[in-house]
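See below for the structure under consideration.
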Amino acid sequence: MAVSGRLRRTLRPPVVLLAALCLASIAVSAYLLYSGSEPGARAAGGADGALPQPLPSGPGAPGGARPAGPAGTEPAVLLLVESQYSALGRDLAATLESGRFRYRTVIAARAADVPPLTTAGGRGRYALVVYENALRYAGLDARRRGLLDAYLAAHGAGLVGFVRAPEPRPGAAPARMPGLPLALRSHVALADCRVNPRSPLLRVTRAPRLQPGPLPGRGWTVFQAEHATFQPVLLAAPRAGRAAPLHATVIHDRGRLDGVQRVLFGHDLSFWLHRLVFLDAVSFLSGDRLALSLDRYVLVDIDDIFVGKEGTRMNAQDVKALLETQNLLRTQVANFTFNLGFSGKFYHTGTAEEDAGDDLLLRSAAHFWWFPHMWSHMQPHLFHNESALVEHMALNKDFAVEHGIPTHMGYAVAPHHSGVYPVHGQLYEAWKKVWGIQVTSTEEYPHLKPARHRRGFIYNSVMVLPRQTCGLFTHTIFYKEYPGGPQELDKSIRGGELFLTVLLNPISIFMTHLSNYGNDRLGSYTFVNLANFVQNWTNLRLQTLPPVQLAHKYFELFPEQRDPLWQNPCDDKRHKDIWSREKTCDHLPKFLVIGPQKTGTTALYLFLLMHPSVISNLPSPRTFEEIQFFNGNNYHKGVDWYMDFFPTPSNITSDFLFEKSANYFHSEDAPKRAASLVPKAKIITILIDPSDRAYSWYQHQRSHEDPAALRFNFYEVITTGPWAPSDLKTLQRKCLVPGWYAVHIERWLTYFAASQLLIIDGQQLRSDPATVMDEVQKFLGVTPHFNYSEALTFDPQKGFWCQLLEGGKTKCLGKSKGRKYPPMDPEARSFLSTYYRQHNVELSKLLHRLGQPLPAWLRHELQKVR
């Protein structure tokens, strides 16, 4: 005993000293872990499950400065993925798309080199580079890695990478990140994730915060830093020993070694906090060139007021709870007000308790915003007569006036979004006449799924906003019976789909229903907890605006969405179900003749009509045989207006509807619009010498007494400078720009496959139309074969081919076609030959790529280049 006592007394001072040193070591490690202030520090310092607290400022503690590259660098992301189908790559693309960030996807495994990072003028193409697999970046050879890092440093661009280190072999040393003083531990199971409040990355993410519990999955990679350039952003504890030192799951390289800032993730985006920090990394590393606003506007619609089965509706206590919820939400969401949609016909059609709830709603009407549904909750597309719709809506308005419901909000929602999209023009007209509607919303434009693609548009002066679902439908009324279990609802609120909807959309209009606020009051539960979660974990500023103000805010943020992009209603079953049965997609063309003007499109149009299976549109009172839908203001009149120009084909299989509008060719909008509505249509264009086309257009304008064409000769028109009068510059543009053939054809090929495009040699059409028309028939696949050699004859007086009628008579183009005018003067031709030289070279390259022969006029012009 005496020996053991002396031994304890002998060992006590060293043990105390050793313990003190250990505690000091842990404290220093924790400091270095958060601040990264000393070279050689290892990012594995310890802390227990408590939230990290802000540390005193010290050398290097605040972290890296926000990158700031040349102002000319494009605000775009280069995304390098493992494959077209890799889960993380698709998730990254979807997140960037949801944030409305421009990005380009490249398959890293196929890239023999780093893609071009600058334009010919030296402008940076990307403000951020994202690697799905950061080890591909780390494994680049010295030359490629040097080029990429030099670009990132020079342009103030950053790099994000996701690391999945190889599974460690027993007894092997930790893996390392090639080229960086960073050790990796893989296949770690983690819990209790913390946000480092000292990280300069944080913008949307609020800190300090702790996410308790196990992190999803066991395949986590954690980082151990060996240089002060690294600073943890997220940290977590090992599941097996939560008192053990914390590990960095997201780490920030602040660029102190090579001037390049990087953020590395040790797991994918399936952990919601990683997605939040990823958005912050995108913002920070791009120098805020790719950043989401912190303002979020949330409008909660409660549809079907007074509608619903007995036993599912709101009683008086539910209405009181709704008012209490609204008051509570106003402490979290500025100006929050529930927006109630009603169908008056169903007032007092519930139980006695539910009828009392109806009455309390009406007595409380001034506390809410209100909007109309249909009187009897019918779908508007079933009304083919505008006056019947007006009558139906007037009943609902009379009910509102009688019961003190506000009628001035300027917002309406159609049951099942019927008639909003696809557009039912009668609905919009009736809304405006009865209610003065300025705003509506739908989840159907352009399609229900994916939700991130939903957009707004304006039709007939009514602003249409995208509407979001929140997992609450008419049948989701009990917490324990929520589809998939109540944990699915909670998961959606706490970092899942509902949270991400608010995170990624500056404006969210949520659809809920009357029944969601009775029964278990899931609507109140959902939005109170959602607001709490958003406030707790983010710096987002939640607020609400009345619908009309909200719509103006939306199109102020997204002005490019004002113009709609019409789709084929028959390509989406949901759209077809809410589209009038009196309408048919058989009234859409199978091919388009797109021009350009003055190349022979009218002759081709008449030749096509000679075929028994080819049918054109009906004439327009303003533009004659041309509808001119895809390129101008007619487009905003809608699909119904367009289809009304086409007759019903007698045989939808063999008959070919088409339209010819020669100004589609050079339109910037027409290719995208046409591809959206008739994606399978075939496209026919005719090319002649662009110099001849320009001169022909000038003479055409003179014959129509265009003032500029009458005041100036052709050479003056084509050579005028920027100081010229506006009418002269307009004429010059219409003479010259359509002749940029390669530019315009490439635009069409962006939206249509090369197999859908036929390029006709205009000279050959004029000299040998029968051969050309045989080629056209083959391209279209139209039957039966029509013998144009027997149906056409050359008229020497007209100077072109005409249709041969019975008895030897002919039917030719009108007097305005084939007009005689003086030849172009040599000075103008010389100028145009030079002007179009490079355009013709690009056209020859394009035709070669498409495997098409060069027309004679183009071969002649190319000889001048040599």
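Each chain in the structure tokens gets a letter, A, B, ..., in the order shown, and its residues are numbered from 1; ligands are numbered from 1 in order too.
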
Give me the residues near Ser343 (chain A) as a count of residues only, where near means some atom within 7 Å (using only C-alpha atoms) and where sequence neighbours in that chain fewer than 3 positions away do not count. 12

Which polymer residues have any atom within 12 Å of an atom of His744 (chain A), counting only C-alpha atoms, with same-chain residues fewer than 5 positions away left out, as a VMD selection string? chain A and resid 594 to 596 663 to 671 685 687 737 to 739 749 to 751 839 842 to 843 846

For Ala154 (chain A), please output as a ChimeraX atom specification all residues within 12 Å (counting only C-alpha atoms; exclusion window: fewer than 2 positions along the same chain). /A:67-71,73,117-118,122-124,126-127,146-152,156-158,258-261

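The interatomic distance for the pair CA of Lys345 (chain A) and CA of Lys397 (chain A) works out to 11.0 Å.
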
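Nearest to Arg256 (chain A) of all the residues A:Ala189, A:Val163, A:Ala65, A:Ala237 is A:Ala65, based on only C-alpha atoms.
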
Atom-to-atom span, CA of Leu210 (chain A) and CA of Cys193 (chain A), Å: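 Separation between CA of Leu210 (chain A) and CA of Cys193 (chain A): 5.7 Å.
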
Can you pull out every residue within 9 Å of region 322-331 of chain A, counting only C-alpha atoms, but drop anything in the same chain fewer than 6 positions away, and send it as a PDB file with N, CA, C and O atoms, in the first residue's frame?
```pdb
ATOM      1  N   THR A 337     -51.167  37.479 -45.153  1.00  0.00           N
ATOM      2  CA  THR A 337     -52.632  37.421 -45.174  1.00  0.00           C
ATOM      3  C   THR A 337     -53.039  36.220 -46.018  1.00  0.00           C
ATOM      4  O   THR A 337     -52.558  36.058 -47.146  1.00  0.00           O
ATOM      5  N   PHE A 338     -53.912  35.389 -45.468  1.00  0.00           N
ATOM      6  CA  PHE A 338     -54.433  34.278 -46.250  1.00  0.00           C
ATOM      7  C   PHE A 338     -55.320  34.817 -47.373  1.00  0.00           C
ATOM      8  O   PHE A 338     -56.050  35.800 -47.203  1.00  0.00           O
ATOM      9  N   SER A 364     -65.788  37.622 -40.759  1.00  0.00           N
ATOM     10  CA  SER A 364     -64.360  37.958 -40.668  1.00  0.00           C
ATOM     11  C   SER A 364     -63.779  38.314 -42.032  1.00  0.00           C
ATOM     12  O   SER A 364     -62.552  38.372 -42.193  1.00  0.00           O
ATOM     13  N   HIS A 367     -60.752  40.553 -42.709  1.00  0.00           N
ATOM     14  CA  HIS A 367     -59.423  40.166 -42.218  1.00  0.00           C
ATOM     15  C   HIS A 367     -58.613  39.398 -43.265  1.00  0.00           C
ATOM     16  O   HIS A 367     -57.412  39.168 -43.062  1.00  0.00           O
ATOM     17  N   PHE A 368     -59.262  38.975 -44.332  1.00  0.00           N
ATOM     18  CA  PHE A 368     -58.588  38.157 -45.339  1.00  0.00           C
ATOM     19  C   PHE A 368     -58.600  38.872 -46.696  1.00  0.00           C
ATOM     20  O   PHE A 368     -59.293  39.865 -46.897  1.00  0.00           O
ATOM     21  N   TYR A 517     -57.551  23.239 -43.477  1.00  0.00           N
ATOM     22  CA  TYR A 517     -57.578  24.110 -42.306  1.00  0.00           C
ATOM     23  C   TYR A 517     -58.676  23.709 -41.323  1.00  0.00           C
ATOM     24  O   TYR A 517     -58.831  24.335 -40.273  1.00  0.00           O
ATOM     25  N   ARG A 521     -56.038  20.537 -39.204  1.00  0.00           N
ATOM     26  CA  ARG A 521     -55.477  21.862 -39.510  1.00  0.00           C
ATOM     27  C   ARG A 521     -54.036  21.761 -40.025  1.00  0.00           C
ATOM     28  O   ARG A 521     -53.125  22.459 -39.564  1.00  0.00           O
ATOM     29  N   SER A 524     -52.331  25.076 -41.326  1.00  0.00           N
ATOM     30  CA  SER A 524     -51.731  25.926 -40.294  1.00  0.00           C
ATOM     31  C   SER A 524     -50.436  25.315 -39.784  1.00  0.00           C
ATOM     32  O   SER A 524     -49.412  26.008 -39.649  1.00  0.00           O
ATOM     33  N   TYR A 525     -50.461  24.016 -39.529  1.00  0.00           N
ATOM     34  CA  TYR A 525     -49.264  23.324 -39.042  1.00  0.00           C
ATOM     35  C   TYR A 525     -48.102  23.486 -40.036  1.00  0.00           C
ATOM     36  O   TYR A 525     -46.960  23.789 -39.649  1.00  0.00           O
ATOM     37  N   PHE A 527     -47.487  25.759 -42.528  1.00  0.00           N
ATOM     38  CA  PHE A 527     -46.888  27.069 -42.810  1.00  0.00           C
ATOM     39  C   PHE A 527     -46.274  27.712 -41.574  1.00  0.00           C
ATOM     40  O   PHE A 527     -45.292  28.451 -41.691  1.00  0.00           O
ATOM     41  N   VAL A 528     -46.795  27.430 -40.397  1.00  0.00           N
ATOM     42  CA  VAL A 528     -46.135  27.928 -39.181  1.00  0.00           C
ATOM     43  C   VAL A 528     -44.776  27.267 -39.026  1.00  0.00           C
ATOM     44  O   VAL A 528     -43.758  27.934 -38.759  1.00  0.00           O
ATOM     45  N   ALA A 531     -42.317  28.531 -41.782  1.00  0.00           N
ATOM     46  CA  ALA A 531     -41.788  29.861 -41.482  1.00  0.00           C
ATOM     47  C   ALA A 531     -40.756  29.788 -40.365  1.00  0.00           C
ATOM     48  O   ALA A 531     -39.719  30.459 -40.419  1.00  0.00           O
ATOM     49  N   GLN A 543     -42.009  37.706 -46.801  1.00  0.00           N
ATOM     50  CA  GLN A 543     -43.016  38.759 -46.844  1.00  0.00           C
ATOM     51  C   GLN A 543     -44.119  38.365 -47.820  1.00  0.00           C
ATOM     52  O   GLN A 543     -43.983  37.415 -48.594  1.00  0.00           O
TER      53      GLN A 543
END
```

Point-to-point distance from CA of Leu128 (chain A) to CA of Glu74 (chain A), Å rounded to tenths: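 If I compute the distance from CA of Leu128 (chain A) to CA of Glu74 (chain A), I get 9.5 Å.
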
If we count only C-alpha atoms, what is near Gly139 (chain A) at a cut-off of 10 Å, once residues fewer than 6 positions away on the same chain are taken out, given as a VMD selection string? chain A and resid 145 177 to 179

Excluding region 275-284 of chain A and its own-chain neighbours fewer than 2 positions away, which residues fall within 8 Å of it when counting only C-alpha atoms? Please give them as a short mmCIF file (atom, residue, chain, number, x, y, z; two decimals) with all heavy atoms, in the first residue's frame.
```cif
data_model
loop_
_atom_site.label_atom_id
_atom_site.label_comp_id
_atom_site.auth_asym_id
_atom_site.auth_seq_id
_atom_site.Cartn_x
_atom_site.Cartn_y
_atom_site.Cartn_z
N ARG A 66 -13.93 37.89 -50.69
CA ARG A 66 -14.84 37.52 -51.76
C ARG A 66 -14.16 37.76 -53.11
O ARG A 66 -13.64 38.84 -53.36
CB ARG A 66 -16.11 38.34 -51.65
CG ARG A 66 -17.22 37.89 -52.58
CD ARG A 66 -18.48 38.70 -52.30
NE ARG A 66 -18.98 38.44 -50.96
CZ ARG A 66 -19.82 37.45 -50.64
NH1 ARG A 66 -20.23 36.64 -51.58
NH2 ARG A 66 -20.23 37.29 -49.41
N PRO A 67 -14.13 36.75 -54.00
CA PRO A 67 -13.47 36.94 -55.31
C PRO A 67 -14.11 38.08 -56.08
O PRO A 67 -15.31 38.30 -56.00
CB PRO A 67 -13.71 35.59 -56.01
CG PRO A 67 -14.04 34.62 -54.93
CD PRO A 67 -14.71 35.43 -53.86
N LEU A 128 -17.73 30.54 -62.42
CA LEU A 128 -17.61 29.43 -61.48
C LEU A 128 -17.46 28.13 -62.26
O LEU A 128 -18.10 27.94 -63.30
CB LEU A 128 -18.85 29.35 -60.58
CG LEU A 128 -18.89 28.25 -59.53
CD1 LEU A 128 -17.84 28.50 -58.44
CD2 LEU A 128 -20.28 28.14 -58.90
N VAL A 160 -15.95 24.66 -57.23
CA VAL A 160 -16.66 23.81 -56.28
C VAL A 160 -16.45 22.37 -56.72
O VAL A 160 -16.56 22.06 -57.91
CB VAL A 160 -18.16 24.13 -56.23
CG1 VAL A 160 -18.91 23.12 -55.37
CG2 VAL A 160 -18.39 25.54 -55.68
N LEU A 201 -18.33 32.37 -46.39
CA LEU A 201 -19.22 31.91 -47.46
C LEU A 201 -20.68 32.23 -47.16
O LEU A 201 -21.48 32.45 -48.07
CB LEU A 201 -19.11 30.39 -47.63
CG LEU A 201 -18.32 29.87 -48.82
CD1 LEU A 201 -16.85 30.17 -48.59
CD2 LEU A 201 -18.53 28.38 -48.96
N LEU A 202 -21.03 32.22 -45.89
CA LEU A 202 -22.43 32.19 -45.50
C LEU A 202 -23.15 33.46 -45.93
O LEU A 202 -22.75 34.57 -45.60
CB LEU A 202 -22.56 31.98 -44.01
CG LEU A 202 -21.83 30.74 -43.46
CD1 LEU A 202 -22.04 30.62 -41.97
CD2 LEU A 202 -22.30 29.48 -44.18
N ARG A 203 -24.23 33.27 -46.65
CA ARG A 203 -25.06 34.39 -47.08
C ARG A 203 -26.52 34.07 -46.81
O ARG A 203 -27.18 34.79 -46.07
CB ARG A 203 -24.85 34.65 -48.57
CG ARG A 203 -25.63 35.84 -49.11
CD ARG A 203 -25.23 36.13 -50.55
NE ARG A 203 -25.95 37.27 -51.08
CZ ARG A 203 -27.15 37.19 -51.64
NH1 ARG A 203 -27.75 36.01 -51.76
NH2 ARG A 203 -27.75 38.28 -52.09
N VAL A 204 -27.02 33.01 -47.43
CA VAL A 204 -28.38 32.56 -47.14
C VAL A 204 -28.41 31.79 -45.83
O VAL A 204 -29.33 31.93 -45.03
CB VAL A 204 -28.93 31.69 -48.29
CG1 VAL A 204 -30.30 31.16 -47.95
CG2 VAL A 204 -28.98 32.48 -49.59
N THR A 205 -27.37 30.99 -45.59
CA THR A 205 -27.34 30.13 -44.41
C THR A 205 -27.10 30.95 -43.15
O THR A 205 -26.19 31.77 -43.10
CB THR A 205 -26.22 29.08 -44.55
OG1 THR A 205 -26.34 28.43 -45.81
CG2 THR A 205 -26.30 28.05 -43.44
N VAL A 263 -14.27 25.39 -52.85
CA VAL A 263 -15.09 24.83 -51.78
C VAL A 263 -15.31 23.36 -52.12
O VAL A 263 -15.78 23.03 -53.22
CB VAL A 263 -16.44 25.55 -51.65
CG1 VAL A 263 -17.31 24.87 -50.60
CG2 VAL A 263 -16.22 27.02 -51.27
N LEU A 269 -25.71 16.30 -52.54
CA LEU A 269 -26.71 17.28 -52.11
C LEU A 269 -27.92 16.64 -51.46
O LEU A 269 -28.91 17.33 -51.18
CB LEU A 269 -27.16 18.12 -53.30
CG LEU A 269 -26.10 18.96 -54.00
CD1 LEU A 269 -26.73 19.77 -55.12
CD2 LEU A 269 -25.39 19.89 -53.02
N SER A 270 -27.87 15.32 -51.19
CA SER A 270 -29.02 14.68 -50.55
C SER A 270 -29.22 15.19 -49.13
O SER A 270 -30.31 15.09 -48.58
CB SER A 270 -28.86 13.16 -50.55
OG SER A 270 -27.68 12.78 -49.86
N PHE A 271 -28.16 15.72 -48.52
CA PHE A 271 -28.28 16.37 -47.22
C PHE A 271 -28.66 17.82 -47.47
O PHE A 271 -27.93 18.57 -48.12
CB PHE A 271 -26.96 16.26 -46.46
CG PHE A 271 -26.97 16.90 -45.10
CD1 PHE A 271 -28.07 16.78 -44.26
CD2 PHE A 271 -25.88 17.62 -44.65
CE1 PHE A 271 -28.08 17.37 -43.00
CE2 PHE A 271 -25.87 18.22 -43.40
CZ PHE A 271 -26.99 18.09 -42.58
N TRP A 272 -29.81 18.25 -46.99
CA TRP A 272 -30.37 19.55 -47.34
C TRP A 272 -29.42 20.70 -47.01
O TRP A 272 -29.37 21.70 -47.73
CB TRP A 272 -31.72 19.76 -46.64
CG TRP A 272 -31.63 19.93 -45.15
CD1 TRP A 272 -31.69 18.94 -44.21
CD2 TRP A 272 -31.42 21.15 -44.44
NE1 TRP A 272 -31.55 19.47 -42.95
CE2 TRP A 272 -31.38 20.83 -43.06
CE3 TRP A 272 -31.27 22.48 -44.83
CZ2 TRP A 272 -31.20 21.79 -42.08
CZ3 TRP A 272 -31.08 23.44 -43.85
CH2 TRP A 272 -31.05 23.09 -42.49
N LEU A 273 -28.65 20.57 -45.93
CA LEU A 273 -27.76 21.66 -45.54
C LEU A 273 -26.62 21.82 -46.55
O LEU A 273 -26.12 22.93 -46.75
CB LEU A 273 -27.21 21.39 -44.13
CG LEU A 273 -26.64 22.57 -43.36
CD1 LEU A 273 -27.54 23.79 -43.42
CD2 LEU A 273 -26.38 22.17 -41.91
N SER A 286 -18.41 33.24 -57.03
CA SER A 286 -18.62 34.00 -58.27
C SER A 286 -18.58 35.49 -58.01
O SER A 286 -18.87 36.28 -58.92
CB SER A 286 -19.96 33.62 -58.91
OG SER A 286 -21.04 34.07 -58.11
N GLY A 287 -18.20 35.89 -56.82
CA GLY A 287 -18.17 37.31 -56.49
C GLY A 287 -19.56 37.93 -56.56
O GLY A 287 -19.72 39.08 -56.97
N ASP A 288 -20.57 37.15 -56.16
CA ASP A 288 -21.98 37.57 -56.18
C ASP A 288 -22.52 37.79 -57.58
O ASP A 288 -23.60 38.36 -57.75
CB ASP A 288 -22.19 38.85 -55.35
CG ASP A 288 -22.18 38.57 -53.85
OD1 ASP A 288 -22.37 37.40 -53.49
OD2 ASP A 288 -21.96 39.51 -53.07
N ARG A 289 -21.78 37.33 -58.60
CA ARG A 289 -22.33 37.41 -59.96
C ARG A 289 -23.43 36.37 -60.17
O ARG A 289 -24.25 36.50 -61.08
CB ARG A 289 -21.21 37.22 -60.98
CG ARG A 289 -20.30 38.44 -61.13
CD ARG A 289 -19.04 38.14 -61.90
NE ARG A 289 -18.07 37.39 -61.10
CZ ARG A 289 -16.83 37.13 -61.47
NH1 ARG A 289 -16.40 37.56 -62.64
NH2 ARG A 289 -16.01 36.47 -60.69
N LEU A 290 -23.43 35.34 -59.34
CA LEU A 290 -24.47 34.32 -59.37
C LEU A 290 -25.03 34.22 -57.95
O LEU A 290 -24.54 33.44 -57.13
CB LEU A 290 -23.89 32.98 -59.82
CG LEU A 290 -23.29 32.94 -61.23
CD1 LEU A 290 -22.36 31.76 -61.39
CD2 LEU A 290 -24.41 32.87 -62.26
N ALA A 291 -26.02 35.01 -57.66
CA ALA A 291 -26.52 35.08 -56.29
C ALA A 291 -28.02 35.22 -56.28
O ALA A 291 -28.60 35.88 -57.15
CB ALA A 291 -25.88 36.24 -55.54
N LEU A 292 -28.65 34.59 -55.30
CA LEU A 292 -30.07 34.74 -55.09
C LEU A 292 -30.34 35.92 -54.16
O LEU A 292 -29.60 36.13 -53.20
CB LEU A 292 -30.65 33.46 -54.45
CG LEU A 292 -30.56 32.17 -55.27
CD1 LEU A 292 -31.01 30.99 -54.43
CD2 LEU A 292 -31.42 32.27 -56.51
#
```

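For region 562-570 of chain A, the list of residues within 8 Å, based on only C-alpha atoms and with local chain neighbours fewer than 4 positions off taken out, reads Pro422, Pro446, Gly456, Phe457, Ile458, Tyr459, Phe555, Phe558, His575, Lys576, Trp579, Cys585, His636, Gly638, Val639, Arg673, Ser676, Leu677 and Val678 of chain A.
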
As a list in words, please: every residue in region 247-359 of chain A that a backbone DSSP assignment puts in strand (DSSP E).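 The residues of region 247-359 of chain A classed as strand (DSSP E) are His247, Ala248, Thr249, Val250, Ile251, His252, Asp253, Arg262, Val263, Leu264, Phe265, Asp295, Arg296, Tyr297, Val298, Leu299, Val300, Asp301, Ile302, Asp303, Asp304, Ile305, Asn339, Leu340, Gly341 and Phe342 of chain A.
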
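Proximity of A:Leu862, A:Cys735, A:Ala207, A:Ala240 to Ser833 (chain A), computed with only C-alpha atoms, is greatest for A:Leu862.
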
Smallest atom-to-atom distance to Ser650 (chain A): which of A:Pro415, A:Pro621, A:Pro612, A:Pro380, using only C-alpha atoms? A:Pro612
